[in-house]
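**Q** Below you'll find my_file00.pdb; it's PDB, C-alpha atoms and all ligand atoms.
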```pdb
MODEL        1
ATOM      1  CA  MET A1023      -2.733   8.147 -16.632
ATOM      2  CA  GLU A1024      -0.771   6.872 -13.651
ATOM      3  CA  ARG A1025      -0.187   3.405 -12.198
ATOM      4  CA  THR A1026       0.176   2.270  -8.620
ATOM      5  CA  LEU A1027       0.732  -1.012  -6.804
ATOM      6  CA  ALA A1028      -2.057  -2.211  -4.516
ATOM      7  CA  ILE A1029      -1.903  -5.208  -2.187
ATOM      8  CA  VAL A1030      -4.784  -6.896  -0.411
ATOM      9  CA  LYS A1031      -2.801  -7.970   2.659
ATOM     10  CA  PRO A1032      -2.975 -11.398   4.368
ATOM     11  CA  ASP A1033      -5.408 -10.254   7.082
ATOM     12  CA  ALA A1034      -7.986  -9.272   4.455
ATOM     13  CA  VAL A1035      -7.455 -12.314   2.205
ATOM     14  CA  GLU A1036      -7.782 -14.602   5.227
ATOM     15  CA  ARG A1037     -11.125 -13.039   6.110
ATOM     16  CA  ARG A1038     -12.325 -13.409   2.473
ATOM     17  CA  LEU A1039     -12.481  -9.648   1.938
ATOM     18  CA  ALA A1040     -10.499  -9.613  -1.329
ATOM     19  CA  GLY A1041     -13.643  -9.667  -3.461
ATOM     20  CA  GLN A1042     -15.234  -6.726  -1.639
ATOM     21  CA  ILE A1043     -12.007  -4.719  -1.794
ATOM     22  CA  ILE A1044     -11.566  -5.394  -5.527
ATOM     23  CA  GLN A1045     -15.192  -4.351  -6.105
ATOM     24  CA  ARG A1046     -14.480  -1.075  -4.298
ATOM     25  CA  ILE A1047     -11.431  -0.585  -6.536
ATOM     26  CA  GLU A1048     -13.553  -1.014  -9.661
ATOM     27  CA  ASP A1049     -16.384   1.142  -8.294
ATOM     28  CA  ALA A1050     -13.851   3.946  -7.727
ATOM     29  CA  GLY A1051     -12.995   3.909 -11.429
ATOM     30  CA  PHE A1052      -9.577   2.241 -11.444
ATOM     31  CA  GLU A1053      -8.655  -0.068 -14.277
ATOM     32  CA  ILE A1054      -7.031  -3.299 -13.048
ATOM     33  CA  ARG A1055      -4.033  -3.679 -15.381
ATOM     34  CA  ALA A1056      -2.573  -6.786 -13.690
ATOM     35  CA  MET A1057      -3.433  -9.012 -10.746
ATOM     36  CA  ARG A1058      -1.994 -12.092  -9.046
ATOM     37  CA  ARG A1059      -2.267 -14.044  -5.819
ATOM     38  CA  ILE A1060       1.026 -14.673  -4.054
ATOM     39  CA  HIS A1061       2.019 -16.026  -0.652
ATOM     40  CA  LEU A1062       5.247 -14.143   0.060
ATOM     41  CA  SER A1063       8.163 -15.830   1.770
ATOM     42  CA  LYS A1064       9.741 -14.013   4.716
ATOM     43  CA  ARG A1065      12.666 -12.988   2.487
ATOM     44  CA  GLN A1066      10.343 -11.697  -0.223
ATOM     45  CA  ALA A1067       8.393  -9.674   2.369
ATOM     46  CA  GLU A1068      11.671  -8.254   3.727
ATOM     47  CA  GLY A1069      12.682  -7.279   0.184
ATOM     48  CA  PHE A1070       9.384  -5.552  -0.472
ATOM     49  CA  TYR A1071       9.575  -3.543   2.767
ATOM     50  CA  ALA A1072      13.367  -2.994   2.651
ATOM     51  CA  VAL A1073      12.842   0.748   3.194
ATOM     52  CA  HIS A1074      11.522  -0.067   6.688
ATOM     53  CA  ARG A1075      14.461  -2.312   7.671
ATOM     54  CA  GLY A1076      15.673  -1.118  11.072
ATOM     55  CA  ARG A1077      12.256   0.137  12.204
ATOM     56  CA  PRO A1078      11.040  -1.571  15.410
ATOM     57  CA  PHE A1079       8.012  -3.057  13.648
ATOM     58  CA  PHE A1080       9.989  -4.519  10.692
ATOM     59  CA  PRO A1081      10.241  -8.117  12.033
ATOM     60  CA  SER A1082       6.570  -8.223  12.969
ATOM     61  CA  LEU A1083       5.450  -6.540   9.708
ATOM     62  CA  THR A1084       7.390  -8.980   7.537
ATOM     63  CA  ASP A1085       6.146 -11.992   9.565
ATOM     64  CA  PHE A1086       2.609 -10.730   8.986
ATOM     65  CA  MET A1087       3.128 -10.151   5.257
ATOM     66  CA  ALA A1088       4.486 -13.712   4.925
ATOM     67  CA  SER A1089       1.711 -15.229   7.068
ATOM     68  CA  GLY A1090      -0.691 -16.009   4.216
ATOM     69  CA  PRO A1091      -1.568 -15.248   0.619
ATOM     70  CA  THR A1092      -1.954 -11.716  -0.693
ATOM     71  CA  VAL A1093      -3.586 -10.377  -3.852
ATOM     72  CA  VAL A1094      -1.344  -7.918  -5.687
ATOM     73  CA  LEU A1095      -2.719  -5.530  -8.329
ATOM     74  CA  VAL A1096      -1.544  -2.821 -10.684
ATOM     75  CA  LEU A1097      -4.181  -0.074 -10.752
ATOM     76  CA  GLU A1098      -4.434   2.592 -13.413
ATOM     77  CA  ALA A1099      -6.289   5.920 -13.251
ATOM     78  CA  PRO A1100      -5.555   9.630 -13.409
ATOM     79  CA  ASP A1101      -3.627  10.363 -10.162
ATOM     80  CA  ALA A1102      -3.812   6.663  -9.262
ATOM     81  CA  ILE A1103      -1.236   6.916  -6.445
ATOM     82  CA  SER A1104      -3.026   9.558  -4.374
ATOM     83  CA  LYS A1105      -6.479   8.335  -5.417
ATOM     84  CA  TRP A1106      -5.718   4.823  -4.102
ATOM     85  CA  ARG A1107      -4.173   6.153  -0.876
ATOM     86  CA  THR A1108      -7.302   8.247  -0.305
ATOM     87  CA  LEU A1109      -9.541   5.206  -0.813
ATOM     88  CA  MET A1110      -7.360   3.150   1.594
ATOM     89  CA  GLY A1111      -7.327   5.785   4.353
ATOM     90  CA  ALA A1112      -4.697   6.418   7.025
ATOM     91  CA  THR A1113      -2.170   3.704   7.958
ATOM     92  CA  ASP A1114      -3.656   3.544  11.467
ATOM     93  CA  PRO A1115      -7.356   2.609  11.173
ATOM     94  CA  ALA A1116      -8.067   4.594  14.343
ATOM     95  CA  LYS A1117      -7.127   7.698  12.329
ATOM     96  CA  ALA A1118      -8.732   6.664   9.022
ATOM     97  CA  GLU A1119     -11.687   8.616   7.619
ATOM     98  CA  ALA A1120     -15.137   7.069   7.556
ATOM     99  CA  GLY A1121     -15.805   5.260   4.293
ATOM    100  CA  THR A1122     -12.169   4.292   3.694
ATOM    101  CA  LEU A1123     -11.104   0.678   3.290
ATOM    102  CA  ARG A1124      -8.839   0.705   6.332
ATOM    103  CA  LYS A1125     -11.538   2.258   8.516
ATOM    104  CA  GLU A1126     -13.870  -0.503   7.407
ATOM    105  CA  PHE A1127     -11.578  -3.515   7.160
ATOM    106  CA  ALA A1128      -8.313  -2.958   9.107
ATOM    107  CA  GLN A1129      -7.826  -4.672  12.462
ATOM    108  CA  SER A1130      -4.774  -2.682  13.659
ATOM    109  CA  ILE A1131      -2.021  -0.354  12.425
ATOM    110  CA  GLU A1132      -0.143  -3.453  11.200
ATOM    111  CA  ARG A1133      -3.025  -5.661  10.035
ATOM    112  CA  ASN A1134      -4.436  -2.839   7.947
ATOM    113  CA  ALA A1135      -5.921  -4.718   4.975
ATOM    114  CA  THR A1136      -4.263  -2.930   2.064
ATOM    115  CA  HIS A1137      -1.025  -1.449   0.743
ATOM    116  CA  GLY A1138      -0.514   1.369  -1.755
ATOM    117  CA  SER A1139       2.589   2.967  -3.252
ATOM    118  CA  ASP A1140       3.362   6.443  -1.920
ATOM    119  CA  ALA A1141       5.145   8.129  -4.872
ATOM    120  CA  PRO A1142       5.840   7.576  -8.604
ATOM    121  CA  GLU A1143       9.368   6.263  -7.944
ATOM    122  CA  THR A1144       8.209   3.733  -5.344
ATOM    123  CA  ALA A1145       5.260   2.719  -7.542
ATOM    124  CA  ALA A1146       7.670   1.877 -10.377
ATOM    125  CA  VAL A1147       9.911  -0.197  -8.082
ATOM    126  CA  GLU A1148       6.987  -1.953  -6.382
ATOM    127  CA  ILE A1149       5.218  -2.784  -9.672
ATOM    128  CA  GLY A1150       8.504  -4.210 -10.974
ATOM    129  CA  TYR A1151       8.876  -6.319  -7.816
ATOM    130  CA  PHE A1152       5.783  -8.356  -8.745
ATOM    131  CA  PHE A1153       5.176  -7.940 -12.496
ATOM    132  CA  ALA A1154       7.276  -8.124 -15.634
ATOM    133  CA  GLY A1155       6.961  -5.492 -18.360
ATOM    134  CA  ILE A1156       5.305  -8.065 -20.617
ATOM    135  CA  ASP A1157       2.453  -8.444 -18.070
ATOM    136  CA  LEU A1158       1.637  -4.750 -18.418
ATOM    137  CA  ILE A1159       1.488  -4.125 -22.166
TER     138      ILE A1159
HETATM  139  P1  LIG B   1       1.528   2.846   4.506
HETATM  140  O1  LIG B   1       2.274   3.496   3.373
HETATM  141  O2  LIG B   1       0.264   3.563   4.890
HETATM  142  O3  LIG B   1       1.297   1.352   4.293
HETATM  143  O4  LIG B   1       2.445   2.961   5.827
HETATM  144  P2  LIG B   1       4.028   2.813   6.075
HETATM  145  O5  LIG B   1       4.791   2.769   4.772
HETATM  146  O6  LIG B   1       4.410   3.854   7.073
HETATM  147  O7  LIG B   1       4.161   1.397   6.812
HETATM  148  C1  LIG B   1       4.107   0.196   6.072
HETATM  149  C2  LIG B   1       3.263  -0.797   6.831
HETATM  150  O8  LIG B   1       3.908  -1.111   8.065
HETATM  151  C3  LIG B   1       1.884  -0.295   7.249
HETATM  152  O9  LIG B   1       0.916  -0.386   6.227
HETATM  153  C4  LIG B   1       1.566  -1.209   8.413
HETATM  154  O10 LIG B   1       1.146  -2.515   7.966
HETATM  155  C5  LIG B   1       2.932  -1.336   9.087
HETATM  156  N1  LIG B   1       3.148  -0.329  10.137
HETATM  157  C6  LIG B   1       3.325   1.017   9.976
HETATM  158  N2  LIG B   1       3.505   1.628  11.154
HETATM  159  C7  LIG B   1       3.466   0.640  12.095
HETATM  160  C8  LIG B   1       3.617   0.625  13.512
HETATM  161  O11 LIG B   1       3.826   1.662  14.159
HETATM  162  N3  LIG B   1       3.520  -0.594  14.141
HETATM  163  C9  LIG B   1       3.311  -1.745  13.451
HETATM  164  N4  LIG B   1       3.220  -2.899  14.125
HETATM  165  N5  LIG B   1       3.163  -1.777  12.112
HETATM  166  C10 LIG B   1       3.238  -0.601  11.440
ENDMDL
END
```
If you took the structure in this file and wrote it as structure tokens, what would it be?
**A**
Amino acid sequence: MERTLAIVKPDAVERRLAGQIIQRIEDAGFEIRAMRRIHLSKRQAEGFYAVHRGRPFFPSLTDFMASGPTVVLVLEAPDAISKWRTLMGATDPAKAEAGTLRKEFAQSIERNATHGSDAPETAAVEIGYFFAGIDLI
């Protein structure tokens, strides 16, 4: 079993797509191990995306992530990290496969509906950013 961090981003929450996205998560066979709604501050968004600090889109990305509430989840499944990234689709919805969440729900490369961890090390850090160990027993 593997765990990954998923976020329903502010663009999707604002358009009341969280329920549909969570249904798709369950239909795909993930177990939701933890879930919370959080409206990130700008500083919290900058901390989450610290790896992208210095990229040209960092100010805009962190403004967007702090623009409204998100729903943050810990998903569990065999190969959860790659399985969730496959369900999300490519970062840029113009390049995302048909049937993926980003193809269906993203509005742009930035307002792309969902986030998923990209490796076991980042999943561990990202899960710890939002959830305490006691939330995940
Ligand atoms: P992910 O792992 O698929 O989310 O993609 P990245 O880690 O490369 O980028 C993190 C997030 O930054 C993406 O999900 C987008 O919201 C945003 N992003 C990535 N590339 C761009 C870009 O070229 N322009 C803008 N405006 N946002 C971007």
**Q** Once you count all atoms listed in the file, which residues end up within 10 Å of ligand LIG 1 (chain B), and could you hand them over as a PyMOL selection string?
**A** chain A and resi 1029+1031+1071+1073-1074+1077-1084+1086-1087+1107+1110-1115+1124+1128+1130-1141
**Q** Write the residues of the preceding selection, restricted to C-alpha atoms, as an mmCIF file, keeping the file's coordinate frame.
**A**
```cif
data_model
loop_
_atom_site.group_PDB
_atom_site.id
_atom_site.type_symbol
_atom_site.label_atom_id
_atom_site.label_comp_id
_atom_site.auth_asym_id
_atom_site.auth_seq_id
_atom_site.Cartn_x
_atom_site.Cartn_y
_atom_site.Cartn_z
ATOM 1 C CA ILE A 1029 -1.903 -5.208 -2.187
ATOM 2 C CA LYS A 1031 -2.801 -7.970 2.659
ATOM 3 C CA TYR A 1071 9.575 -3.543 2.767
ATOM 4 C CA VAL A 1073 12.842 0.748 3.194
ATOM 5 C CA HIS A 1074 11.522 -0.067 6.688
ATOM 6 C CA ARG A 1077 12.256 0.137 12.204
ATOM 7 C CA PRO A 1078 11.040 -1.571 15.410
ATOM 8 C CA PHE A 1079 8.012 -3.057 13.648
ATOM 9 C CA PHE A 1080 9.989 -4.519 10.692
ATOM 10 C CA PRO A 1081 10.241 -8.117 12.033
ATOM 11 C CA SER A 1082 6.570 -8.223 12.969
ATOM 12 C CA LEU A 1083 5.450 -6.540 9.708
ATOM 13 C CA THR A 1084 7.390 -8.980 7.537
ATOM 14 C CA PHE A 1086 2.609 -10.730 8.986
ATOM 15 C CA MET A 1087 3.128 -10.151 5.257
ATOM 16 C CA ARG A 1107 -4.173 6.153 -0.876
ATOM 17 C CA MET A 1110 -7.360 3.150 1.594
ATOM 18 C CA GLY A 1111 -7.327 5.785 4.353
ATOM 19 C CA ALA A 1112 -4.697 6.418 7.025
ATOM 20 C CA THR A 1113 -2.170 3.704 7.958
ATOM 21 C CA ASP A 1114 -3.656 3.544 11.467
ATOM 22 C CA PRO A 1115 -7.356 2.609 11.173
ATOM 23 C CA ARG A 1124 -8.839 0.705 6.332
ATOM 24 C CA ALA A 1128 -8.313 -2.958 9.107
ATOM 25 C CA SER A 1130 -4.774 -2.682 13.659
ATOM 26 C CA ILE A 1131 -2.021 -0.354 12.425
ATOM 27 C CA GLU A 1132 -0.143 -3.453 11.200
ATOM 28 C CA ARG A 1133 -3.025 -5.661 10.035
ATOM 29 C CA ASN A 1134 -4.436 -2.839 7.947
ATOM 30 C CA ALA A 1135 -5.921 -4.718 4.975
ATOM 31 C CA THR A 1136 -4.263 -2.930 2.064
ATOM 32 C CA HIS A 1137 -1.025 -1.449 0.743
ATOM 33 C CA GLY A 1138 -0.514 1.369 -1.755
ATOM 34 C CA SER A 1139 2.589 2.967 -3.252
ATOM 35 C CA ASP A 1140 3.362 6.443 -1.920
ATOM 36 C CA ALA A 1141 5.145 8.129 -4.872
#
```
**Q** Could you tell me how far atom CA of A:Glu1098 lies from atom CA of A:Ala1040, in Å and to one decimal?
**A**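 Interatomic distance, atom CA of A:Glu1098 to atom CA of A:Ala1040: 18.2 Å.
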**Q** Considering all atoms listed in the file, tabulate each residue of stretch 1083-1117 of chain A that lies at most 6 Å from stretch 1057-1062 of chain A along with its nearest interatomic pair and the corresponding distance in Å to one decimal; arrange the rows by chain and ascending residue number and present them as JSON lines.
**A**
```
{"residue": "A:Ala1088", "atom": "CA", "partner": "A:Leu1062", "partner_atom": "CA", "distance": 4.9}
{"residue": "A:Gly1090", "atom": "CA", "partner": "A:His1061", "partner_atom": "CA", "distance": 5.6}
{"residue": "A:Pro1091", "atom": "CA", "partner": "A:His1061", "partner_atom": "CA", "distance": 3.9}
{"residue": "A:Thr1092", "atom": "CA", "partner": "A:Ile1060", "partner_atom": "CA", "distance": 5.4}
{"residue": "A:Val1093", "atom": "CA", "partner": "A:Arg1059", "partner_atom": "CA", "distance": 4.4}
{"residue": "A:Val1094", "atom": "CA", "partner": "A:Arg1058", "partner_atom": "CA", "distance": 5.4}
{"residue": "A:Leu1095", "atom": "CA", "partner": "A:Met1057", "partner_atom": "CA", "distance": 4.3}
```
**Q** Measure the distance from atom CA of A:Thr1122 to atom CA of A:Ser1063 in Å and round it to one decimal.
**A** 28.7 Å
**Q** Considering all atoms listed in the file, state which residue in the set A:Gly1041, A:Ala1102, A:Tyr1151, A:Val1030 is at the smallest distance from A:Ala1067.
**A** A:Tyr1151
**Q** Using only C-alpha atoms, pick whichever of A:Ala1099, A:Leu1123, A:Ala1056, A:Leu1027 has the shortest atom-to-atom distance to A:Ile1156.
**A** A:Ala1056
**Q** Within 12 Å of A:Glu1024, counting all atoms listed in the file, which residues show up once you throw out same-chain ones fewer than 6 positions away? Write them as a compact mmCIF listing (two decimals) with C-alpha atoms, in the frame of the given file, please.
**A**
```txt
# COMPACT_ATOMS: atom_id res chain seq x y z
CA PHE A 1052 -9.58 2.24 -11.44
CA GLU A 1053 -8.65 -0.07 -14.28
CA ILE A 1054 -7.03 -3.30 -13.05
CA ARG A 1055 -4.03 -3.68 -15.38
CA VAL A 1096 -1.54 -2.82 -10.68
CA LEU A 1097 -4.18 -0.07 -10.75
CA GLU A 1098 -4.43 2.59 -13.41
CA ALA A 1099 -6.29 5.92 -13.25
CA PRO A 1100 -5.56 9.63 -13.41
CA ASP A 1101 -3.63 10.36 -10.16
CA ALA A 1102 -3.81 6.66 -9.26
CA ILE A 1103 -1.24 6.92 -6.44
CA SER A 1104 -3.03 9.56 -4.37
CA LYS A 1105 -6.48 8.34 -5.42
CA TRP A 1106 -5.72 4.82 -4.10
CA SER A 1139 2.59 2.97 -3.25
CA ALA A 1141 5.14 8.13 -4.87
CA PRO A 1142 5.84 7.58 -8.60
CA GLU A 1143 9.37 6.26 -7.94
CA ALA A 1145 5.26 2.72 -7.54
CA ALA A 1146 7.67 1.88 -10.38
```
**Q** Between A:Thr1108, A:Ala1072, A:Thr1144, A:Pro1032, single out the one closest to A:Ile1047, counting only C-alpha atoms.
**A** A:Thr1108
**Q** State, in Å with one decimal place, the distance from atom CA of A:Leu1158 to atom CA of A:Lys1064.
**A** 26.2 Å
**Q** Given all atoms listed in the file as the basis, pick out the residue of A:Lys1125, A:Leu1039, A:Ile1149, A:Asp1033 nearest to A:Ser1089.
**A**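 Between A:Lys1125, A:Leu1039, A:Ile1149, A:Asp1033, the residue approaching A:Ser1089 most closely is A:Asp1033.
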**Q** Using all atoms listed in the file, find the one residue out of A:Gly1121, A:Phe1153, A:Gly1069, A:Phe1127 that sits nearest to A:Val1035.
**A**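 Of A:Gly1121, A:Phe1153, A:Gly1069, A:Phe1127, the one nearest A:Val1035, counting all atoms listed in the file, is A:Phe1127.
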**Q** Calculate, to one decimal in Å, the centre and edge lengths of the box along x, y and z of the file that holds all listed atoms of stretch 1128-1132 of chain A with 8 Å of margin on each side, and present them as lines of an AutoDock Vina configuration file.
**A**
```
center_x = -4.2
center_y = -2.5
center_z = 11.4
size_x = 24.2
size_y = 20.3
size_z = 20.6
```
**Q** Measuring atom to atom with only C-alpha atoms, identify which of A:Arg1075, A:Phe1152, A:Ala1028, A:Lys1117 is nearest to A:Ile1044.
**A**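 Residue with the minimum atom-to-atom distance to A:Ile1044: A:Ala1028.
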